[in-house]
$ cat upload_12.tsv   # TSV, C-alpha atoms and all ligand atoms
chain	number	residue	atom	x	y	z
A	1	MET	CA	108.33	106.61	100.72
A	2	ARG	CA	104.57	106.48	101.09
A	3	ILE	CA	103.12	109.79	102.26
A	4	ALA	CA	99.54	109.81	103.51
A	5	ARG	CA	97.26	112.18	105.37
A	6	PHE	CA	95.28	110.72	108.20
A	7	SER	CA	92.92	111.48	111.02
A	8	THR	CA	92.99	109.96	114.47
A	9	GLY	CA	89.84	111.83	115.46
A	10	GLU	CA	91.96	114.67	116.87
A	11	GLY	CA	92.91	116.56	113.72
A	12	VAL	CA	94.61	115.63	110.45
A	13	SER	CA	98.35	115.10	109.91
A	14	PHE	CA	100.68	113.93	107.21
A	15	GLY	CA	102.32	110.60	107.92
A	16	VAL	CA	104.75	108.09	106.44
A	17	VAL	CA	103.29	104.62	105.90
A	18	GLU	CA	105.62	101.69	106.58
A	19	GLY	CA	104.04	98.26	106.60
A	20	ASP	CA	101.00	98.31	108.87
A	21	PHE	CA	102.02	101.51	110.68
A	22	ILE	CA	101.92	105.23	110.03
A	23	SER	CA	104.38	107.69	111.61
A	24	THR	CA	103.24	111.28	112.09
A	25	VAL	CA	105.11	113.99	110.17
A	26	ALA	CA	105.50	117.44	111.75
A	27	GLY	CA	104.05	120.08	109.41
A	28	HIS	CA	104.22	119.31	105.69
A	29	PRO	CA	106.35	116.69	103.93
A	30	PHE	CA	107.77	118.73	101.03
A	31	ASN	CA	111.26	119.43	102.30
A	32	GLN	CA	113.16	117.54	105.00
A	33	ILE	CA	110.67	115.23	106.72
A	34	GLN	CA	110.56	115.60	110.49
A	35	PHE	CA	108.78	113.01	112.58
A	36	THR	CA	106.94	113.86	115.78
A	37	GLY	CA	107.68	110.43	117.27
A	38	GLU	CA	104.00	109.41	117.21
A	39	ARG	CA	103.20	106.13	115.44
A	40	PHE	CA	99.84	104.42	114.93
A	41	PRO	CA	98.65	101.09	113.51
A	42	LEU	CA	97.21	101.89	110.06
A	43	ALA	CA	94.04	100.01	111.01
A	44	GLU	CA	93.39	102.52	113.79
A	45	VAL	CA	93.51	105.71	111.70
A	46	ARG	CA	91.35	106.99	108.87
A	47	LEU	CA	93.20	107.92	105.69
A	48	VAL	CA	91.95	111.10	104.00
A	49	ALA	CA	92.96	112.66	100.67
A	50	PRO	CA	96.78	112.51	100.65
A	51	MET	CA	96.97	116.12	99.46
A	52	LEU	CA	94.70	119.16	99.33
A	53	PRO	CA	95.77	120.70	96.02
A	54	SER	CA	95.28	124.35	95.10
A	55	LYS	CA	94.27	122.99	91.69
A	56	VAL	CA	93.84	119.77	89.78
A	57	VAL	CA	94.85	119.94	86.13
A	58	ALA	CA	93.66	117.01	84.04
A	59	ILE	CA	94.66	115.75	80.62
A	60	GLY	CA	92.03	114.53	78.16
A	61	ARG	CA	92.45	111.88	75.45
A	62	ASN	CA	95.97	110.86	76.41
A	63	TYR	CA	95.55	107.15	75.58
A	64	ALA	CA	94.80	106.38	71.89
A	65	GLU	CA	92.30	103.58	72.57
A	66	HIS	CA	90.33	105.75	75.00
A	67	ALA	CA	90.17	108.65	72.53
A	68	ALA	CA	88.87	106.20	69.92
A	69	GLU	CA	86.24	104.63	72.20
A	70	LEU	CA	84.58	108.04	72.65
A	71	GLY	CA	84.91	108.83	68.93
A	72	ASN	CA	87.61	111.48	69.40
A	73	GLU	CA	90.81	112.18	67.51
A	74	VAL	CA	94.07	112.04	69.42
A	75	PRO	CA	95.04	115.69	70.05
A	76	GLU	CA	98.39	116.85	68.72
A	77	GLU	CA	99.06	118.85	71.86
A	78	PRO	CA	97.90	117.79	75.36
A	79	LEU	CA	94.25	118.71	75.96
A	80	ILE	CA	94.06	120.24	79.44
A	81	PHE	CA	91.14	121.12	81.70
A	82	MET	CA	90.72	121.75	85.42
A	83	LYS	CA	88.82	120.16	88.25
A	84	PRO	CA	88.12	122.37	91.27
A	85	SER	CA	89.94	121.74	94.55
A	86	THR	CA	86.50	121.12	96.08
A	87	SER	CA	86.10	117.98	93.95
A	88	VAL	CA	88.89	116.19	95.85
A	89	ILE	CA	88.05	113.38	98.26
A	90	GLY	CA	90.16	110.63	99.81
A	91	PRO	CA	90.17	106.84	99.93
A	92	GLY	CA	87.01	105.32	101.37
A	93	GLU	CA	84.99	108.52	100.97
A	94	SER	CA	81.83	108.45	98.88
A	95	ILE	CA	81.37	109.76	95.34
A	96	ALA	CA	78.08	111.68	95.40
A	97	TYR	CA	76.07	110.94	92.23
A	98	PRO	CA	74.17	114.15	91.30
A	99	THR	CA	71.11	112.16	90.23
A	100	SER	CA	68.92	115.21	89.61
A	101	LEU	CA	71.44	116.72	87.14
A	102	SER	CA	73.10	113.76	85.41
A	103	GLN	CA	72.01	110.30	84.31
A	104	ARG	CA	75.43	109.10	83.21
A	105	VAL	CA	78.43	109.31	85.56
A	106	ASP	CA	81.60	107.47	84.48
A	107	PHE	CA	84.75	106.30	86.24
A	108	GLU	CA	88.15	107.15	84.71
A	109	GLY	CA	91.09	105.50	86.45
A	110	GLU	CA	94.23	107.64	86.14
A	111	LEU	CA	97.79	108.01	87.37
A	112	ALA	CA	98.11	111.32	89.24
A	113	VAL	CA	101.31	113.35	89.53
A	114	VAL	CA	101.76	115.43	92.70
A	115	ILE	CA	103.94	118.55	92.42
A	116	GLY	CA	106.53	119.17	95.13
A	117	ARG	CA	108.01	122.57	94.26
A	118	LEU	CA	106.81	126.01	93.22
A	119	CYS	CA	107.60	126.11	89.52
A	120	ARG	CA	106.75	127.46	86.10
A	121	GLU	CA	108.10	126.96	82.58
A	122	VAL	CA	109.83	123.73	83.57
A	123	PRO	CA	111.80	122.11	80.70
A	124	ALA	CA	110.86	118.44	80.21
A	125	GLU	CA	114.33	117.31	81.26
A	126	ARG	CA	113.94	119.04	84.65
A	127	VAL	CA	110.40	117.84	85.42
A	128	LYS	CA	111.64	115.08	87.73
A	129	ASP	CA	113.00	117.81	90.06
A	130	VAL	CA	109.52	119.31	90.64
A	131	ILE	CA	107.59	116.04	91.15
A	132	PHE	CA	106.83	115.03	94.72
A	133	GLY	CA	105.29	111.65	93.89
A	134	TYR	CA	102.44	109.69	92.37
A	135	THR	CA	99.02	108.50	93.46
A	136	CYS	CA	95.86	106.92	92.04
A	137	ALA	CA	92.94	109.05	90.90
A	138	ASN	CA	89.43	108.66	89.53
A	139	ASP	CA	88.55	111.47	87.12
A	140	VAL	CA	84.79	111.08	87.70
A	141	THR	CA	82.85	112.52	84.77
A	142	ALA	CA	79.20	113.29	84.13
A	143	ARG	CA	79.43	112.07	80.53
A	144	ASP	CA	76.02	113.39	79.47
A	145	LEU	CA	76.89	116.90	80.66
A	146	GLN	CA	80.34	116.72	79.05
A	147	LYS	CA	78.66	116.02	75.70
A	148	LYS	CA	76.09	118.77	76.22
A	149	ASP	CA	78.36	121.59	77.44
A	150	VAL	CA	80.96	123.37	75.34
A	151	GLN	CA	83.63	122.80	77.97
A	152	PHE	CA	84.23	120.31	80.77
A	153	THR	CA	83.82	122.35	83.97
A	154	ARG	CA	80.39	121.14	84.98
A	155	ALA	CA	80.90	117.52	83.90
A	156	LYS	CA	84.18	117.19	85.75
A	157	GLY	CA	83.67	119.63	88.61
A	158	PHE	CA	81.06	118.27	91.00
A	159	ASP	CA	82.03	117.91	94.66
A	160	THR	CA	83.54	114.41	95.22
A	161	PHE	CA	84.38	113.93	91.51
A	162	CYS	CA	88.14	113.70	92.16
A	163	PRO	CA	89.00	110.81	94.51
A	164	ILE	CA	92.78	110.56	95.06
A	165	GLY	CA	94.88	108.21	97.16
A	166	PRO	CA	95.37	106.07	99.12
A	167	TRP	CA	98.81	107.73	99.54
A	168	ILE	CA	101.60	109.32	97.51
A	169	GLU	CA	104.49	107.10	96.48
A	170	THR	CA	107.59	109.26	96.18
A	171	ASP	CA	110.07	106.64	94.89
A	172	LEU	CA	108.62	105.29	91.67
A	173	ASP	CA	109.46	105.11	87.98
A	174	PRO	CA	106.06	105.98	86.46
A	175	SER	CA	106.93	105.14	82.85
A	176	ASP	CA	105.40	101.64	82.62
A	177	LEU	CA	102.97	100.83	85.43
A	178	ALA	CA	99.89	98.61	85.19
A	179	LEU	CA	96.65	100.50	85.89
A	180	THR	CA	93.44	98.60	86.64
A	181	THR	CA	89.95	99.91	87.39
A	182	THR	CA	87.34	97.59	88.84
A	183	VAL	CA	83.63	98.08	89.56
A	184	ASN	CA	82.31	95.73	92.25
A	185	GLY	CA	85.37	93.58	91.61
A	186	ASP	CA	84.93	93.28	87.81
A	187	VAL	CA	87.88	94.58	85.78
A	188	ARG	CA	86.76	97.44	83.49
A	189	GLN	CA	90.03	99.17	82.61
A	190	SER	CA	93.41	97.54	82.24
A	191	GLY	CA	96.14	99.71	80.79
A	192	ARG	CA	99.79	100.62	81.19
A	193	THR	CA	101.25	104.09	81.66
A	194	SER	CA	103.67	103.30	78.81
A	195	GLN	CA	100.62	103.85	76.54
A	196	LEU	CA	100.44	107.57	77.45
A	197	ILE	CA	100.52	109.62	74.24
A	198	HIS	CA	102.19	112.58	75.99
A	199	ASP	CA	104.47	111.32	78.76
A	200	ILE	CA	104.79	112.82	82.24
A	201	PRO	CA	107.78	115.10	81.52
A	202	ALA	CA	105.95	116.47	78.46
A	203	LEU	CA	102.70	116.99	80.40
A	204	VAL	CA	104.19	118.75	83.41
A	205	SER	CA	106.34	120.93	81.16
A	206	TYR	CA	103.29	121.81	79.03
A	207	VAL	CA	101.07	122.69	81.99
A	208	SER	CA	103.82	124.69	83.70
A	209	ALA	CA	104.21	126.81	80.56
A	210	VAL	CA	100.63	127.96	81.14
A	211	MET	CA	100.36	128.30	84.93
A	212	THR	CA	102.51	128.34	88.03
A	213	LEU	CA	102.37	125.03	89.87
A	214	ILE	CA	102.63	125.00	93.64
A	215	PRO	CA	103.47	122.17	96.06
A	216	GLY	CA	100.55	119.78	96.32
A	217	ASP	CA	99.05	120.56	92.93
A	218	VAL	CA	97.85	117.45	91.13
A	219	ILE	CA	98.03	116.59	87.44
A	220	LEU	CA	95.84	113.72	86.18
A	221	THR	CA	97.53	112.07	83.23
A	222	GLY	CA	94.50	110.69	81.34
A	223	THR	CA	92.59	107.43	81.34
A	224	PRO	CA	93.05	104.22	79.34
A	225	ALA	CA	90.27	102.51	77.36
A	226	GLY	CA	87.29	100.91	79.09
A	227	VAL	CA	85.56	103.88	80.74
A	228	GLY	CA	81.97	103.25	81.66
A	229	PRO	CA	79.12	104.18	83.97
A	230	MET	CA	78.87	103.82	87.73
A	231	GLU	CA	75.61	103.34	89.53
A	232	VAL	CA	74.56	104.27	93.04
A	233	GLY	CA	75.77	101.50	95.36
A	234	ASP	CA	78.79	100.54	93.20
A	235	GLU	CA	82.25	100.22	94.68
A	236	VAL	CA	84.96	101.50	92.31
A	237	SER	CA	88.68	100.79	92.70
A	238	VAL	CA	91.65	102.23	90.82
A	239	GLY	CA	94.83	100.22	91.38
A	240	ILE	CA	98.28	101.19	90.11
A	241	GLU	CA	101.33	98.97	90.29
A	242	GLY	CA	103.82	100.24	92.87
A	243	ILE	CA	101.31	102.60	94.51
A	244	GLY	CA	98.23	100.80	95.83
A	245	THR	CA	94.47	100.84	95.40
A	246	LEU	CA	92.00	103.70	95.76
A	247	THR	CA	88.47	102.54	96.57
A	248	ASN	CA	85.31	104.66	96.74
A	249	LYS	CA	81.64	103.88	96.94
A	250	VAL	CA	78.97	105.71	94.92
A	251	VAL	CA	76.04	107.21	96.82
A	252	SER	CA	73.14	109.36	95.66
A	253	ARG	CA	73.60	113.06	96.36
A	254	ASP	CA	69.91	113.78	96.19
B	1	MG	MG	90.18	111.80	82.53
$ encode --input "upload_12.tsv" --output "C-alpha cells"
Amino acid sequence: MRIARFSTGEGVSFGVVEGDFISTVAGHPFNQIQFTGERFPLAEVRLVAPMLPSKVVAIGRNYAEHAAELGNEVPEEPLIFMKPSTSVIGPGESIAYPTSLSQRVDFEGELAVVIGRLCREVPAERVKDVIFGYTCANDVTARDLQKKDVQFTRAKGFDTFCPIGPWIETDLDPSDLALTTTVNGDVRQSGRTSQLIHDIPALVSYVSAVMTLIPGDVILTGTPAGVGPMEVGDEVSVGIEGIGTLTNKVVSRD
C-alpha cells in the first residue's frame, strides 16, 4: 500500500494512493486503516511529507564507495547521527540553501525506513515487525560545515534539509532496490540497496538498542557513491525502485 499525507486546502490527512486517486484515511494509518469514504484525483491534491517524525536517525558511511569518495574508512559499527524533525519537508517543497552560512550543500539520495510500532532493543530477526514502510529521502548536507564542525548537527540540521516522500510503500522487499539521484535530469548517483554495509535489520536493531523508536520515526540508511553539490535553482530527484520519485527544488534562504 502507498500511504501519503496530503492537503486539499482544508487541512492535512493521511491517504492511500491507488493509481491516480487518493482515498482519505481517518486518523493515522498505523493500525487498522479506516477510510472516510472521501476520494480525490491525485492531481487535485498537494502531497506533503508522508510522515512527521519525532526524530530522524541517519546512518553515515554505509556504502563502501561513498565512504571512499570522501576519504573515510568504512566504520565497523553503524555511524549514527540525528537530523531534527524541523528539517523534514515533503515532495515538491523547496530546499532552502543557507547561502550566508554555507558555500557547499550536497544531495545524498537515501532509502528511508519508517517505523510503525513503539519499540526498543529489537532483535534483528524481529525488525520486520516494527517497520511500517519505506520512502525516498535526501540527506541534504552542508559539506563545508560538516568538515569544519566536530559533529554533524549543524551540517545536517538546517530547516528543509530532510526531504522525504513522495509516499510510504508498505509492501516492499528493500534488500536490492535501484536508487538513482538526478540533478536537473542528469544522473549523479546510481546504487543498489544490496550494497548497504549494514543492512536494514542490523541498522534498526542497532538504533533501537540506543533509543526508543516511536511510530513515524524515520531512519535514513546511508547514501551510495556520487554525492555532489546542488546550486540554487537546481531540481534534485531521488528515485527508488518500487517506491517512486522525490523531487525538490533548491532556493536561496537568504
Ligand atoms: Mg547521508
$ atom_distance --input "upload_12.tsv" --atom1 "CA of Val130 (chain A)" --atom2 "CA of Ser85 (chain A)"
20.1 Å
$ residues_around --input "upload_12.tsv" --residues "Arg126 (chain A)" --least-positions-apart "5" --cutoff "10 Å" --atoms "all atoms listed in the file" --output "PyMOL selection string"
chain A and resi 131+201+204-205
$ write_last_selection --input "upload_12.tsv" --atoms "C-alpha atoms" --output "mmCIF file, keeping the file's coordinate frame"
data_model
loop_
_atom_site.group_PDB
_atom_site.id
_atom_site.type_symbol
_atom_site.label_atom_id
_atom_site.label_comp_id
_atom_site.auth_asym_id
_atom_site.auth_seq_id
_atom_site.Cartn_x
_atom_site.Cartn_y
_atom_site.Cartn_z
ATOM 1 C CA ILE A 131 107.590 116.040 91.150
ATOM 2 C CA PRO A 201 107.780 115.100 81.520
ATOM 3 C CA VAL A 204 104.190 118.750 83.410
ATOM 4 C CA SER A 205 106.340 120.930 81.160
#
$ closest_residue --input "upload_12.tsv" --among "A:Pro91, A:Gly226, A:Arg253, A:Val113" --to "Phe158 (chain A)" --atoms "all atoms listed in the file"
A:Arg253
$ residues_near_ligand --input "upload_12.tsv" --ligand "ligand MG 1 (chain B)" --cutoff "10 Å" --atoms "all atoms listed in the file" --output "ChimeraX atom specification"
/A:58-63,66,80-81,106-111,137-141,156,220-224,227
$ closest_residue --input "upload_12.tsv" --among "A:Tyr97, A:Phe132, A:Phe30, A:Phe6" --to "Asp171 (chain A)" --atoms "all atoms listed in the file"
A:Phe132
$ residues_around --input "upload_12.tsv" --residues "Thr181 (chain A)" --least-positions-apart "4" --cutoff "7 Å" --atoms "only C-alpha atoms" --output "ChimeraX atom specification"
/A:109,187-190,237-239
$ closest_residue --input "upload_12.tsv" --among "A:Val250, A:Leu118, A:Leu42, A:Leu52" --to "Val236 (chain A)" --atoms "all atoms listed in the file"
A:Val250
$ atom_distance --input "upload_12.tsv" --atom1 "CA of Val183 (chain A)" --atom2 "CA of Pro78 (chain A)"
28.2 Å
$ residues_around --input "upload_12.tsv" --residues "Val114 (chain A)" --least-positions-apart "6" --cutoff "8 Å" --atoms "all atoms listed in the file" --output "ChimeraX atom specification"
/A:131-135,168,215-219
$ residues_around --input "upload_12.tsv" --residues "Ser252 (chain A)" --least-positions-apart "3" --cutoff "12 Å" --atoms "only C-alpha atoms" --output "list in words"
Ser94, Ile95, Ala96, Tyr97, Pro98, Thr99, Ser100, Leu101, Ser102, Gln103, Val105, Thr160, Met230, Glu231, Val232, Gly233, Asp234 and Lys249 of chain A
$ residues_around --input "upload_12.tsv" --residues "region 18-28 of chain A" --least-positions-apart "2" --cutoff "12 Å" --atoms "all atoms listed in the file" --output "PDB file with C-alpha atoms, in the frame of the given file"
ATOM      1  CA  MET A   1     108.330 106.610 100.720  1.00  0.00           C
ATOM      2  CA  ARG A   2     104.570 106.480 101.090  1.00  0.00           C
ATOM      3  CA  ILE A   3     103.120 109.790 102.260  1.00  0.00           C
ATOM      4  CA  ALA A   4      99.540 109.810 103.510  1.00  0.00           C
ATOM      5  CA  ARG A   5      97.260 112.180 105.370  1.00  0.00           C
ATOM      6  CA  PHE A   6      95.280 110.720 108.200  1.00  0.00           C
ATOM      7  CA  SER A   7      92.920 111.480 111.020  1.00  0.00           C
ATOM      8  CA  THR A   8      92.990 109.960 114.470  1.00  0.00           C
ATOM      9  CA  GLY A  11      92.910 116.560 113.720  1.00  0.00           C
ATOM     10  CA  VAL A  12      94.610 115.630 110.450  1.00  0.00           C
ATOM     11  CA  SER A  13      98.350 115.100 109.910  1.00  0.00           C
ATOM     12  CA  PHE A  14     100.680 113.930 107.210  1.00  0.00           C
ATOM     13  CA  GLY A  15     102.320 110.600 107.920  1.00  0.00           C
ATOM     14  CA  VAL A  16     104.750 108.090 106.440  1.00  0.00           C
ATOM     15  CA  PHE A  30     107.770 118.730 101.030  1.00  0.00           C
ATOM     16  CA  ASN A  31     111.260 119.430 102.300  1.00  0.00           C
ATOM     17  CA  GLN A  32     113.160 117.540 105.000  1.00  0.00           C
ATOM     18  CA  ILE A  33     110.670 115.230 106.720  1.00  0.00           C
ATOM     19  CA  GLN A  34     110.560 115.600 110.490  1.00  0.00           C
ATOM     20  CA  PHE A  35     108.780 113.010 112.580  1.00  0.00           C
ATOM     21  CA  THR A  36     106.940 113.860 115.780  1.00  0.00           C
ATOM     22  CA  GLY A  37     107.680 110.430 117.270  1.00  0.00           C
ATOM     23  CA  GLU A  38     104.000 109.410 117.210  1.00  0.00           C
ATOM     24  CA  ARG A  39     103.200 106.130 115.440  1.00  0.00           C
ATOM     25  CA  PHE A  40      99.840 104.420 114.930  1.00  0.00           C
ATOM     26  CA  PRO A  41      98.650 101.090 113.510  1.00  0.00           C
ATOM     27  CA  LEU A  42      97.210 101.890 110.060  1.00  0.00           C
ATOM     28  CA  ALA A  43      94.040 100.010 111.010  1.00  0.00           C
ATOM     29  CA  GLU A  44      93.390 102.520 113.790  1.00  0.00           C
ATOM     30  CA  VAL A  45      93.510 105.710 111.700  1.00  0.00           C
ATOM     31  CA  ARG A  46      91.350 106.990 108.870  1.00  0.00           C
ATOM     32  CA  LEU A  47      93.200 107.920 105.690  1.00  0.00           C
ATOM     33  CA  PRO A  50      96.780 112.510 100.650  1.00  0.00           C
ATOM     34  CA  MET A  51      96.970 116.120  99.460  1.00  0.00           C
ATOM     35  CA  LEU A  52      94.700 119.160  99.330  1.00  0.00           C
ATOM     36  CA  GLY A 116     106.530 119.170  95.130  1.00  0.00           C
ATOM     37  CA  TRP A 167      98.810 107.730  99.540  1.00  0.00           C
ATOM     38  CA  GLU A 169     104.490 107.100  96.480  1.00  0.00           C
ATOM     39  CA  PRO A 215     103.470 122.170  96.060  1.00  0.00           C
ATOM     40  CA  GLY A 216     100.550 119.780  96.320  1.00  0.00           C
TER      41      GLY A 216
END
$ atom_distance --input "upload_12.tsv" --atom1 "CA of Glu69 (chain A)" --atom2 "CA of Val207 (chain A)"
25.3 Å
$ closest_residue --input "upload_12.tsv" --among "A:Ala49, A:Cys162, A:Ile240, A:Ile200" --to "Gly92 (chain A)" --atoms "all atoms listed in the file"
A:Ala49
$ closest_residue --input "upload_12.tsv" --among "A:Asn248, A:Ala64, A:Pro53, A:Leu203" --to "Gly191 (chain A)" --atoms "all atoms listed in the file"
A:Ala64
